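Asks: Structure supplied as model-v9.pdb; contents: PDB, C-alpha atoms.
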ATOM      1  CA  MET A   1      92.307  80.903 110.904
ATOM      2  CA  SER A   2      93.730  82.578 113.957
ATOM      3  CA  LEU A   3      97.396  83.332 114.509
ATOM      4  CA  THR A   4      99.141  80.989 116.923
ATOM      5  CA  ALA A   5     102.093  82.057 119.044
ATOM      6  CA  LYS A   6     104.288  80.196 116.563
ATOM      7  CA  ASP A   7     102.788  82.105 113.616
ATOM      8  CA  LYS A   8     103.398  85.442 115.331
ATOM      9  CA  SER A   9     106.966  84.594 116.185
ATOM     10  CA  THR A  10     107.638  83.259 112.661
ATOM     11  CA  VAL A  11     106.249  86.431 111.096
ATOM     12  CA  LYS A  12     108.195  88.726 113.474
ATOM     13  CA  THR A  13     111.457  86.859 112.857
ATOM     14  CA  PHE A  14     110.936  86.850 109.100
ATOM     15  CA  TRP A  15     110.075  90.550 109.047
ATOM     16  CA  GLY A  16     113.332  91.187 110.844
ATOM     17  CA  LYS A  17     115.121  89.444 107.963
ATOM     18  CA  ILE A  18     113.377  91.456 105.253
ATOM     19  CA  ALA A  19     113.450  94.779 107.118
ATOM     20  CA  GLY A  20     116.026  96.380 104.841
ATOM     21  CA  LYS A  21     114.063  95.596 101.675
ATOM     22  CA  THR A  22     110.470  96.418 102.580
ATOM     23  CA  ASP A  23     110.402  99.563 100.410
ATOM     24  CA  GLU A  24     111.439  97.585  97.347
ATOM     25  CA  LEU A  25     109.100  94.724  98.189
ATOM     26  CA  GLY A  26     106.176  97.127  98.473
ATOM     27  CA  ALA A  27     106.976  98.906  95.218
ATOM     28  CA  GLU A  28     107.475  95.573  93.444
ATOM     29  CA  ALA A  29     104.249  94.107  94.839
ATOM     30  CA  LEU A  30     101.966  96.984  93.881
ATOM     31  CA  GLY A  31     103.503  97.236  90.418
ATOM     32  CA  ARG A  32     102.923  93.548  89.833
ATOM     33  CA  MET A  33      99.378  93.599  91.185
ATOM     34  CA  LEU A  34      98.318  96.253  88.694
ATOM     35  CA  ILE A  35      99.598  94.090  85.833
ATOM     36  CA  VAL A  36      98.694  90.603  87.009
ATOM     37  CA  TYR A  37      95.237  91.661  88.212
ATOM     38  CA  PRO A  38      94.384  94.488  85.823
ATOM     39  CA  GLN A  39      90.932  95.005  87.337
ATOM     40  CA  THR A  40      92.725  96.559  90.338
ATOM     41  CA  LYS A  41      93.710  99.477  88.119
ATOM     42  CA  THR A  42      90.165 100.766  88.484
ATOM     43  CA  TYR A  43      91.144 102.136  91.883
ATOM     44  CA  PHE A  44      93.975 104.205  90.422
ATOM     45  CA  SER A  45      92.349 105.808  87.409
ATOM     46  CA  HIS A  46      93.501 109.199  88.716
ATOM     47  CA  TRP A  47      97.166 108.303  88.084
ATOM     48  CA  ALA A  48      98.615 108.810  84.633
ATOM     49  CA  ASP A  49     101.197 106.040  84.788
ATOM     50  CA  LEU A  50     100.332 102.659  86.260
ATOM     51  CA  SER A  51     103.432 100.825  85.114
ATOM     52  CA  PRO A  52     105.731  99.163  87.679
ATOM     53  CA  SER A  53     108.363 101.876  87.100
ATOM     54  CA  SER A  54     105.957 104.732  87.842
ATOM     55  CA  ALA A  55     107.116 106.898  90.741
ATOM     56  CA  GLN A  56     103.560 107.115  92.122
ATOM     57  CA  VAL A  57     103.120 103.344  92.012
ATOM     58  CA  ARG A  58     106.461 102.705  93.699
ATOM     59  CA  LYS A  59     105.862 105.283  96.393
ATOM     60  CA  HIS A  60     102.387 104.000  97.150
ATOM     61  CA  GLY A  61     103.687 100.431  97.274
ATOM     62  CA  GLN A  62     106.177 101.585  99.895
ATOM     63  CA  THR A  63     103.411 103.273 101.888
ATOM     64  CA  ILE A  64     101.317 100.108 101.871
ATOM     65  CA  MET A  65     104.261  97.906 102.865
ATOM     66  CA  GLY A  66     105.045 100.353 105.665
ATOM     67  CA  ALA A  67     101.535  99.830 107.011
ATOM     68  CA  VAL A  68     101.913  96.038 106.698
ATOM     69  CA  THR A  69     105.202  96.224 108.637
ATOM     70  CA  ASP A  70     103.453  98.357 111.231
ATOM     71  CA  ALA A  71     100.775  95.682 111.535
ATOM     72  CA  VAL A  72     103.438  93.057 112.358
ATOM     73  CA  GLY A  73     103.758  94.863 115.691
ATOM     74  CA  LYS A  74      99.999  94.790 116.221
ATOM     75  CA  MET A  75      99.346  91.093 115.710
ATOM     76  CA  ASP A  76      97.867  90.732 119.184
ATOM     77  CA  ASP A  77      95.016  93.048 118.227
ATOM     78  CA  LEU A  78      94.846  93.662 114.493
ATOM     79  CA  CYS A  79      91.244  94.897 114.509
ATOM     80  CA  GLY A  80      92.013  97.444 117.208
ATOM     81  CA  GLY A  81      95.357  98.432 115.746
ATOM     82  CA  LEU A  82      93.981  98.872 112.221
ATOM     83  CA  ALA A  83      90.698 100.559 113.152
ATOM     84  CA  SER A  84      91.443 103.916 111.551
ATOM     85  CA  LEU A  85      92.947 102.326 108.420
ATOM     86  CA  SER A  86      89.849 100.186 108.169
ATOM     87  CA  GLU A  87      87.663 103.304 108.491
ATOM     88  CA  LEU A  88      89.651 104.914 105.688
ATOM     89  CA  HIS A  89      89.235 101.905 103.393
ATOM     90  CA  ALA A  90      85.560 101.543 104.269
ATOM     91  CA  SER A  91      84.350 105.083 103.959
ATOM     92  CA  LYS A  92      86.781 106.860 101.663
ATOM     93  CA  LEU A  93      88.718 104.366  99.529
ATOM     94  CA  ARG A  94      85.988 101.731  99.346
ATOM     95  CA  VAL A  95      88.297  99.075  97.939
ATOM     96  CA  ASP A  96      86.361  95.851  97.506
ATOM     97  CA  PRO A  97      87.913  93.563 100.157
ATOM     98  CA  ALA A  98      88.079  90.763  97.568
ATOM     99  CA  ASN A  99      91.121  92.592  96.185
ATOM    100  CA  PHE A 100      93.261  92.359  99.323
ATOM    101  CA  LYS A 101      94.292  88.795  98.552
ATOM    102  CA  PHE A 102      95.600  89.876  95.124
ATOM    103  CA  LEU A 103      97.990  92.357  96.698
ATOM    104  CA  PHE A 104      99.034  89.845  99.348
ATOM    105  CA  HIS A 105      99.778  87.239  96.670
ATOM    106  CA  CYS A 106     101.989  89.775  94.883
ATOM    107  CA  ILE A 107     103.769  90.689  98.132
ATOM    108  CA  MET A 108     104.557  86.999  98.571
ATOM    109  CA  VAL A 109     105.803  86.706  94.978
ATOM    110  CA  ALA A 110     108.047  89.724  95.627
ATOM    111  CA  ILE A 111     109.306  88.141  98.855
ATOM    112  CA  ALA A 112     109.935  84.876  96.992
ATOM    113  CA  LEU A 113     111.979  86.767  94.387
ATOM    114  CA  TYR A 114     114.133  88.659  96.890
ATOM    115  CA  PHE A 115     114.403  86.017  99.628
ATOM    116  CA  PRO A 116     114.142  82.657  97.842
ATOM    117  CA  GLY A 117     116.031  80.707 100.469
ATOM    118  CA  ASP A 118     114.224  82.214 103.456
ATOM    119  CA  PHE A 119     110.651  81.997 102.206
ATOM    120  CA  THR A 120     110.115  78.333 103.021
ATOM    121  CA  PRO A 121     106.643  76.721 103.104
ATOM    122  CA  GLU A 122     106.696  76.962 106.906
ATOM    123  CA  VAL A 123     107.297  80.695 106.735
ATOM    124  CA  GLN A 124     104.754  81.019 103.938
ATOM    125  CA  VAL A 125     101.918  79.466 105.946
ATOM    126  CA  SER A 126     102.436  81.884 108.859
ATOM    127  CA  VAL A 127     102.842  84.900 106.582
ATOM    128  CA  GLU A 128      99.708  83.960 104.633
ATOM    129  CA  LYS A 129      97.720  83.577 107.830
ATOM    130  CA  PHE A 130      98.986  86.984 108.943
ATOM    131  CA  PHE A 131      97.860  88.505 105.633
ATOM    132  CA  GLN A 132      94.482  86.818 105.917
ATOM    133  CA  ASN A 133      93.987  88.234 109.411
ATOM    134  CA  LEU A 134      95.210  91.610 108.191
ATOM    135  CA  ALA A 135      92.640  91.568 105.371
ATOM    136  CA  PHE A 136      89.934  90.686 107.868
ATOM    137  CA  ALA A 137      90.917  93.560 110.167
ATOM    138  CA  LEU A 138      91.116  95.966 107.232
ATOM    139  CA  SER A 139      87.584  95.132 106.159
ATOM    140  CA  ASP A 140      86.254  95.209 109.738
ATOM    141  CA  LYS A 141      84.600  98.635 109.496
ATOM    142  CA  TYR A 142      83.065  98.086 106.063
ATOM    143  CA  ARG A 143      79.592  97.305 107.346
TER     144      ARG A 143
ATOM    145  CA  MET B   1      86.945  91.156  70.862
ATOM    146  CA  ARG B   2      84.431  88.798  69.196
ATOM    147  CA  LEU B   3      82.188  86.753  71.429
ATOM    148  CA  VAL B   4      81.719  83.301  69.986
ATOM    149  CA  SER B   5      79.402  80.602  71.252
ATOM    150  CA  HIS B   6      80.697  77.090  71.700
ATOM    151  CA  ARG B   7      78.896  76.200  68.488
ATOM    152  CA  GLY B   8      80.920  78.818  66.641
ATOM    153  CA  GLY B   9      78.173  81.378  66.034
ATOM    154  CA  GLU B  10      78.667  84.977  67.033
ATOM    155  CA  ILE B  11      76.867  86.155  70.173
ATOM    156  CA  ARG B  12      75.367  89.633  70.265
ATOM    157  CA  PRO B  13      76.454  90.988  73.615
ATOM    158  CA  THR B  14      74.003  92.780  75.858
ATOM    159  CA  ARG B  15      74.698  96.415  76.773
ATOM    160  CA  SER B  16      76.169  95.434  80.142
ATOM    161  CA  VAL B  17      78.463  92.877  78.495
ATOM    162  CA  ARG B  18      79.530  95.469  75.891
ATOM    163  CA  ALA B  19      80.303  97.887  78.712
ATOM    164  CA  ARG B  20      82.375  95.284  80.528
ATOM    165  CA  VAL B  21      84.233  94.335  77.368
ATOM    166  CA  ALA B  22      84.943  98.003  76.600
ATOM    167  CA  LEU B  23      86.226  98.549  80.135
ATOM    168  CA  ALA B  24      88.391  95.445  79.943
ATOM    169  CA  ALA B  25      89.826  96.645  76.619
ATOM    170  CA  ARG B  26      90.607 100.051  78.076
ATOM    171  CA  LEU B  27      92.229  98.570  81.139
ATOM    172  CA  SER B  28      94.063  95.660  79.579
ATOM    173  CA  LEU B  29      97.789  96.009  79.396
ATOM    174  CA  SER B  30      99.196  94.746  76.128
ATOM    175  CA  LEU B  31     102.490  93.016  76.570
ATOM    176  CA  SER B  32     103.618  93.988  73.119
ATOM    177  CA  HIS B  33     102.731  97.174  71.378
ATOM    178  CA  THR B  34     102.284  95.341  68.099
ATOM    179  CA  HIS B  35      98.962  93.721  69.083
ATOM    180  CA  THR B  36      99.338  90.394  67.330
ATOM    181  CA  HIS B  37      96.564  88.264  68.686
ATOM    182  CA  THR B  38      95.927  84.697  67.758
ATOM    183  CA  HIS B  39      92.354  83.776  68.482
ATOM    184  CA  THR B  40      91.502  80.390  69.765
ATOM    185  CA  HIS B  41      88.317  78.644  70.752
ATOM    186  CA  CYS B  42      88.259  77.784  74.409
ATOM    187  CA  ALA B  43      86.151  77.372  77.537
ATOM    188  CA  GLY B  44      82.454  78.119  77.068
ATOM    189  CA  SER B  45      81.507  81.179  75.096
ATOM    190  CA  MET B  46      84.581  83.381  75.430
ATOM    191  CA  VAL B  47      87.484  83.296  72.993
ATOM    192  CA  VAL B  48      90.860  83.076  74.736
ATOM    193  CA  ASP B  49      93.229  85.682  73.356
ATOM    194  CA  TRP B  50      96.918  84.932  73.551
ATOM    195  CA  THR B  51      99.229  87.681  72.406
ATOM    196  CA  GLU B  52     102.528  86.517  70.959
ATOM    197  CA  ALA B  53     104.262  88.035  73.975
ATOM    198  CA  GLU B  54     102.099  85.979  76.337
ATOM    199  CA  ARG B  55     102.831  82.769  74.428
ATOM    200  CA  ARG B  56     106.540  83.552  74.565
ATOM    201  CA  ALA B  57     106.329  84.307  78.283
ATOM    202  CA  VAL B  58     104.651  81.003  79.142
ATOM    203  CA  THR B  59     107.123  79.019  77.021
ATOM    204  CA  TYR B  60     109.991  81.038  78.519
ATOM    205  CA  VAL B  61     108.967  80.096  82.069
ATOM    206  CA  TRP B  62     108.457  76.458  81.073
ATOM    207  CA  GLU B  63     111.881  76.191  79.480
ATOM    208  CA  LYS B  64     113.583  77.810  82.463
ATOM    209  CA  ILE B  65     112.148  75.621  85.194
ATOM    210  CA  ASP B  66     113.175  72.112  86.194
ATOM    211  CA  ILE B  67     109.849  70.338  86.652
ATOM    212  CA  ASP B  68     111.522  67.604  88.699
ATOM    213  CA  VAL B  69     112.403  70.272  91.258
ATOM    214  CA  ILE B  70     109.396  72.589  90.981
ATOM    215  CA  GLY B  71     106.787  69.806  91.037
ATOM    216  CA  PRO B  72     107.846  68.190  94.325
ATOM    217  CA  GLN B  73     108.335  71.595  95.997
ATOM    218  CA  ALA B  74     104.963  72.900  94.873
ATOM    219  CA  VAL B  75     103.001  69.845  96.020
ATOM    220  CA  ALA B  76     104.885  69.762  99.351
ATOM    221  CA  SER B  77     104.154  73.459  99.691
ATOM    222  CA  VAL B  78     100.417  73.068  99.153
ATOM    223  CA  LEU B  79     100.269  70.320 101.803
ATOM    224  CA  ILE B  80     102.105  72.554 104.291
ATOM    225  CA  VAL B  81     100.568  75.941 103.507
ATOM    226  CA  TYR B  82      97.009  74.608 103.099
ATOM    227  CA  PRO B  83      97.007  71.583 105.397
ATOM    228  CA  TRP B  84      93.400  70.634 104.655
ATOM    229  CA  THR B  85      94.609  69.496 101.226
ATOM    230  CA  GLN B  86      96.238  66.565 103.024
ATOM    231  CA  ARG B  87      92.809  64.937 102.985
ATOM    232  CA  TYR B  88      93.504  63.700  99.449
ATOM    233  CA  PHE B  89      96.813  62.062 100.247
ATOM    234  CA  GLY B  90      95.910  59.421 102.816
ATOM    235  CA  ALA B  91      97.642  56.759 100.731
ATOM    236  CA  PHE B  92     100.939  58.648 100.646
ATOM    237  CA  GLY B  93     102.311  57.431 103.946
ATOM    238  CA  ASN B  94     103.707  59.852 106.504
ATOM    239  CA  ILE B  95     102.634  63.448 105.873
ATOM    240  CA  SER B  96     102.145  64.270 109.533
ATOM    241  CA  SER B  97     104.837  66.942 109.797
ATOM    242  CA  VAL B  98     106.652  69.463 107.624
ATOM    243  CA  SER B  99     109.811  67.335 107.537
ATOM    244  CA  ALA B 100     107.791  64.196 106.734
ATOM    245  CA  ILE B 101     106.077  65.986 103.834
ATOM    246  CA  LEU B 102     109.354  67.392 102.502
ATOM    247  CA  SER B 103     111.044  63.981 102.532
ATOM    248  CA  ASN B 104     108.076  61.883 101.398
ATOM    249  CA  PRO B 105     108.929  60.174  98.085
ATOM    250  CA  LYS B 106     105.263  59.776  97.044
ATOM    251  CA  VAL B 107     104.701  63.504  97.495
ATOM    252  CA  ALA B 108     107.731  64.194  95.324
ATOM    253  CA  ALA B 109     106.613  61.668  92.691
ATOM    254  CA  HIS B 110     103.175  63.238  92.580
ATOM    255  CA  GLY B 111     104.745  66.647  92.099
ATOM    256  CA  LYS B 112     106.422  65.356  88.945
ATOM    257  CA  VAL B 113     103.147  63.876  87.703
ATOM    258  CA  VAL B 114     101.368  67.209  88.199
ATOM    259  CA  LEU B 115     104.044  69.272  86.446
ATOM    260  CA  ASN B 116     104.250  66.822  83.564
ATOM    261  CA  ALA B 117     100.491  67.198  83.155
ATOM    262  CA  LEU B 118     100.921  70.997  83.206
ATOM    263  CA  GLY B 119     103.335  70.556  80.325
ATOM    264  CA  LEU B 120     100.453  69.238  78.223
ATOM    265  CA  ALA B 121      98.768  72.616  78.582
ATOM    266  CA  VAL B 122     101.981  74.457  77.662
ATOM    267  CA  LYS B 123     102.127  72.421  74.454
ATOM    268  CA  ASN B 124      98.422  72.907  73.745
ATOM    269  CA  MET B 125      97.779  76.502  74.758
ATOM    270  CA  ASP B 126      95.133  76.854  72.091
ATOM    271  CA  ASN B 127      93.144  73.900  73.335
ATOM    272  CA  ILE B 128      93.586  73.608  77.085
ATOM    273  CA  LYS B 129      89.913  72.854  77.641
ATOM    274  CA  ALA B 130      89.946  69.754  75.445
ATOM    275  CA  THR B 131      93.398  68.730  76.680
ATOM    276  CA  TYR B 132      92.137  68.524  80.253
ATOM    277  CA  ALA B 133      88.599  67.216  79.721
ATOM    278  CA  LYS B 134      89.427  63.670  80.825
ATOM    279  CA  LEU B 135      91.651  64.850  83.666
ATOM    280  CA  SER B 136      88.891  67.134  84.900
ATOM    281  CA  GLU B 137      86.418  64.282  84.895
ATOM    282  CA  PHE B 138      88.960  62.119  86.721
ATOM    283  CA  HIS B 139      89.470  64.708  89.475
ATOM    284  CA  SER B 140      85.727  65.141  89.840
ATOM    285  CA  GLU B 141      84.522  61.537  89.641
ATOM    286  CA  LYS B 142      87.389  59.401  90.865
ATOM    287  CA  VAL B 143      89.519  61.559  93.135
ATOM    288  CA  ASN B 144      86.685  63.845  94.334
ATOM    289  CA  VAL B 145      88.945  66.865  94.667
ATOM    290  CA  ASP B 146      87.322  70.203  95.522
ATOM    291  CA  PRO B 147      88.307  72.328  92.485
ATOM    292  CA  ASP B 148      89.173  75.213  94.794
ATOM    293  CA  ASN B 149      92.335  73.239  95.491
ATOM    294  CA  PHE B 150      93.522  73.753  91.909
ATOM    295  CA  ARG B 151      93.800  77.495  92.591
ATOM    296  CA  LEU B 152      95.758  76.797  95.797
ATOM    297  CA  LEU B 153      98.221  74.541  93.965
ATOM    298  CA  ALA B 154      98.522  77.067  91.112
ATOM    299  CA  ASP B 155      99.477  79.774  93.619
ATOM    300  CA  CYS B 156     102.085  77.493  95.205
ATOM    301  CA  ILE B 157     103.540  76.659  91.780
ATOM    302  CA  THR B 158     103.860  80.389  91.081
ATOM    303  CA  ILE B 159     105.591  81.135  94.388
ATOM    304  CA  VAL B 160     108.055  78.249  93.919
ATOM    305  CA  ILE B 161     108.789  79.455  90.379
ATOM    306  CA  ALA B 162     109.406  82.949  91.749
ATOM    307  CA  THR B 163     111.987  81.586  94.197
ATOM    308  CA  LYS B 164     113.799  79.898  91.306
ATOM    309  CA  LEU B 165     113.579  82.481  88.539
ATOM    310  CA  GLY B 166     114.159  85.711  90.482
ATOM    311  CA  SER B 167     114.692  88.545  88.025
ATOM    312  CA  ASP B 168     113.738  86.193  85.170
ATOM    313  CA  PHE B 169     110.146  86.494  86.417
ATOM    314  CA  PRO B 170     109.297  90.140  85.710
ATOM    315  CA  PRO B 171     105.741  91.494  86.088
ATOM    316  CA  ASP B 172     104.650  90.934  82.489
ATOM    317  CA  VAL B 173     105.868  87.329  82.559
ATOM    318  CA  GLN B 174     104.110  86.787  85.892
ATOM    319  CA  ALA B 175     100.904  88.166  84.355
ATOM    320  CA  ALA B 176     101.047  85.811  81.368
ATOM    321  CA  TRP B 177     101.858  82.846  83.621
ATOM    322  CA  HIS B 178      98.978  83.790  85.929
ATOM    323  CA  LYS B 179      96.575  84.000  83.000
ATOM    324  CA  PHE B 180      97.784  80.592  81.792
ATOM    325  CA  LEU B 181      97.254  78.984  85.211
ATOM    326  CA  ASP B 182      93.810  80.625  85.482
ATOM    327  CA  ILE B 183      92.810  78.892  82.250
ATOM    328  CA  VAL B 184      94.313  75.586  83.412
ATOM    329  CA  VAL B 185      92.379  75.805  86.704
ATOM    330  CA  SER B 186      89.206  76.682  84.841
ATOM    331  CA  ALA B 187      89.635  73.753  82.416
ATOM    332  CA  LEU B 188      90.273  71.328  85.267
ATOM    333  CA  SER B 189      87.125  72.559  87.020
ATOM    334  CA  ARG B 190      85.018  72.401  83.900
ATOM    335  CA  GLU B 191      83.759  68.790  83.945
ATOM    336  CA  TYR B 192      82.481  68.967  87.520
ATOM    337  CA  HIS B 193      78.740  68.630  87.838
TER     338      HIS B 193
END
As structure tokens, how would this structure be written, given the file I've shared?
Replies:
Amino acid sequence: MSLTAKDKSTVKTFWGKIAGKTDELGAEALGRMLIVYPQTKTYFSHWADLSPSSAQVRKHGQTIMGAVTDAVGKMDDLCGGLASLSELHASKLRVDPANFKFLFHCIMVAIALYFPGDFTPEVQVSVEKFFQNLAFALSDKYR
Amino acid sequence: MRLVSHRGGEIRPTRSVRARVALAARLSLSLSHTHTHTHTHCAGSMVVDWTEAERRAVTYVWEKIDIDVIGPQAVASVLIVYPWTQRYFGAFGNISSVSAILSNPKVAAHGKVVLNALGLAVKNMDNIKATYAKLSEFHSEKVNVDPDNFRLLADCITIVIATKLGSDFPPDVQAAWHKFLDIVVSALSREYH
């Protein structure tokens, strides 16, 4: 489901609104994902503490959200813009792409918690489409 | 965890099932450190385990939300975010735009119907499968709804709840709520054939 000009502009505008909170959103989202979808913990068995308050979890959540924010600026060519990240996920991390939607759901829950008035259904549809396209680009190099 | 067949007899798990169960046990996060589990017979051959903390979490969410607000918003949301779901609402009048959907009284009324039905599951957490057997059949035979839509609506309900509850929706409560909705979706999909 490709991104229309309206989707891109909605996502860019919304990201401008949430810019100051992306670190917290990322930390919140990853922490929640590990609890709501416990099978995702299998990718982090090398960390001692997988609770939402863990420093490693929070920091990694911020890293991921930073990359998502970066991708907002690459919506015209997500596959090209995310090529090296896709390579990383394909060859080194080997995260089953079925898991991307779990993290994206948790990012949206985090957004809904922090920005309840701004995350309207109209914003949600564009953001979800962006995440879907992001997941597609991230899994591009898998095979 | 005991595996029980729908006839009540114990199933001897195969090695791969034992391995999966052991992994799940190692990975599962208990919401309370006092592991008080109440076993209940549910969908197919797996026992549904509700910890006391999970039961409390689901009831907590239910008591905090106004279903007359959440219901209409969630159904409107699903029609906007997943527009192909509009195929089931031809008799609802004007749903041709976001503003039409948001102000459509039939959409709002249906939202209340859906959330009231969800309340049945909250009150019957130990028997969601049986509670929804007729409703599942209805959605399959009469309304012909693709059961994938139940997951879409469940996700919209969760997001709307998050906008209302804020810090009253911490990760462990979200997890219990998610597990609850998973079981509801599964029960509603069960009578399809």
Asks: Do you know which residues the PyMOL selection byres ((chain B and resi 179) around 12) returns on this file, as a PyMOL selection string?
Replies: (chain A and resi 35-38) or (chain B and resi 48-51+54-55+57-58+125+151+154-155+158+172-178+180-186)
Asks: Hey, what's within 9 Å of segment 139-143 of chain A if we count all atoms listed in the file and toss same-chain stuff fewer than 4 positions away? As an MDAnalysis selection string, please?
Replies: chainID A and resid 79 82:84 86:91 94 96:97 134:135
Asks: Starting from the PyMOL selection byres ((chain B) within 7 of (chain A)), expand the selection into actual residues of this file and give them as a list in words.
Replies: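 This file gives the following for the PyMOL selection byres ((chain B) within 7 of (chain A)): Leu27, Ser28, Leu29, Ser77, Ile80, Val81, Ile159, Ala162, Thr163, Gly166, Pro171, Asp172, Gln174, Ala175 and His178 of chain B.
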Asks: Can you write just those residues out, C-alpha atoms, as a compact mmCIF listing (two decimals), keeping the file's coordinate frame?
Replies:
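Output saved as out-v9.txt:
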# COMPACT_ATOMS: atom_id res chain seq x y z
CA LEU B 27 92.23 98.57 81.14
CA SER B 28 94.06 95.66 79.58
CA LEU B 29 97.79 96.01 79.40
CA SER B 77 104.15 73.46 99.69
CA ILE B 80 102.10 72.55 104.29
CA VAL B 81 100.57 75.94 103.51
CA ILE B 159 105.59 81.14 94.39
CA ALA B 162 109.41 82.95 91.75
CA THR B 163 111.99 81.59 94.20
CA GLY B 166 114.16 85.71 90.48
CA PRO B 171 105.74 91.49 86.09
CA ASP B 172 104.65 90.93 82.49
CA GLN B 174 104.11 86.79 85.89
CA ALA B 175 100.90 88.17 84.36
CA HIS B 178 98.98 83.79 85.93
Asks: Could you jot down the atom CA of Lys123 of chain B to atom CA of His193 of chain B separation for me, Å, one decimal place?
Replies: 27.2 Å
Asks: Which residue gives the smallest distance to Leu120 of chain B among B:Val107, B:Leu135, B:Ala53, B:Trp84, with all atoms listed in the file counted?
Replies: B:Leu135
Asks: List every protein, DNA or RNA residue with an atom no more than 8 Å from (96.2, 91.2, 115.0) in the file's coordinates, counting only C-alpha atoms, and format the result as a ChimeraX atom specification.
Replies: /A:3,71-72,74-81,130,133-134,137
Asks: Return as a list of chain:residue names the set of residues that the PyMOL selection byres ((chain A and resi 63) around 12) yields on the displayed structure.
Replies: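 Applied to this file, the PyMOL selection byres ((chain A and resi 63) around 12) selects A:Thr22, A:Asp23, A:Glu24, A:Leu25, A:Gly26, A:Ala27, A:Ala29, A:Leu30, A:Gln56, A:Val57, A:Arg58, A:Lys59, A:His60, A:Gly61, A:Gln62, A:Ile64, A:Met65, A:Gly66, A:Ala67, A:Val68, A:Thr69, A:Asp70.
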Asks: So how many Å separate atom CA of Thr131 of chain B and atom CA of Thr85 of chain B, to one decimal?
Replies: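 According to the coordinates, atom CA of Thr131 of chain B and atom CA of Thr85 of chain B are separated by 24.6 Å.
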Asks: Expressed in Å to a single decimal, how great is the separation between atom CA of Pro105 of chain B and atom CA of Ala76 of chain B?
Replies: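 Between atom CA of Pro105 of chain B and atom CA of Ala76 of chain B the gap is 10.5 Å.
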Asks: Please check which residues have atoms at most 12 Å from (113.5, 78.0, 82.5) in the file's coordinates, counting only C-alpha atoms, and write them as a CSV table (one decimal) with C-alpha atoms, in the frame of the given file.
Replies:
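The result, written out as result-v4.csv:
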chain,number,residue,atom,x,y,z
B,56,ARG,CA,106.5,83.6,74.6
B,57,ALA,CA,106.3,84.3,78.3
B,58,VAL,CA,104.7,81.0,79.1
B,59,THR,CA,107.1,79.0,77.0
B,60,TYR,CA,110.0,81.0,78.5
B,61,VAL,CA,109.0,80.1,82.1
B,62,TRP,CA,108.5,76.5,81.1
B,63,GLU,CA,111.9,76.2,79.5
B,64,LYS,CA,113.6,77.8,82.5
B,65,ILE,CA,112.1,75.6,85.2
B,66,ASP,CA,113.2,72.1,86.2
B,67,ILE,CA,109.8,70.3,86.7
B,69,VAL,CA,112.4,70.3,91.3
B,70,ILE,CA,109.4,72.6,91.0
B,161,ILE,CA,108.8,79.5,90.4
B,162,ALA,CA,109.4,82.9,91.7
B,164,LYS,CA,113.8,79.9,91.3
B,165,LEU,CA,113.6,82.5,88.5
B,166,GLY,CA,114.2,85.7,90.5
B,167,SER,CA,114.7,88.5,88.0
B,168,ASP,CA,113.7,86.2,85.2
B,169,PHE,CA,110.1,86.5,86.4
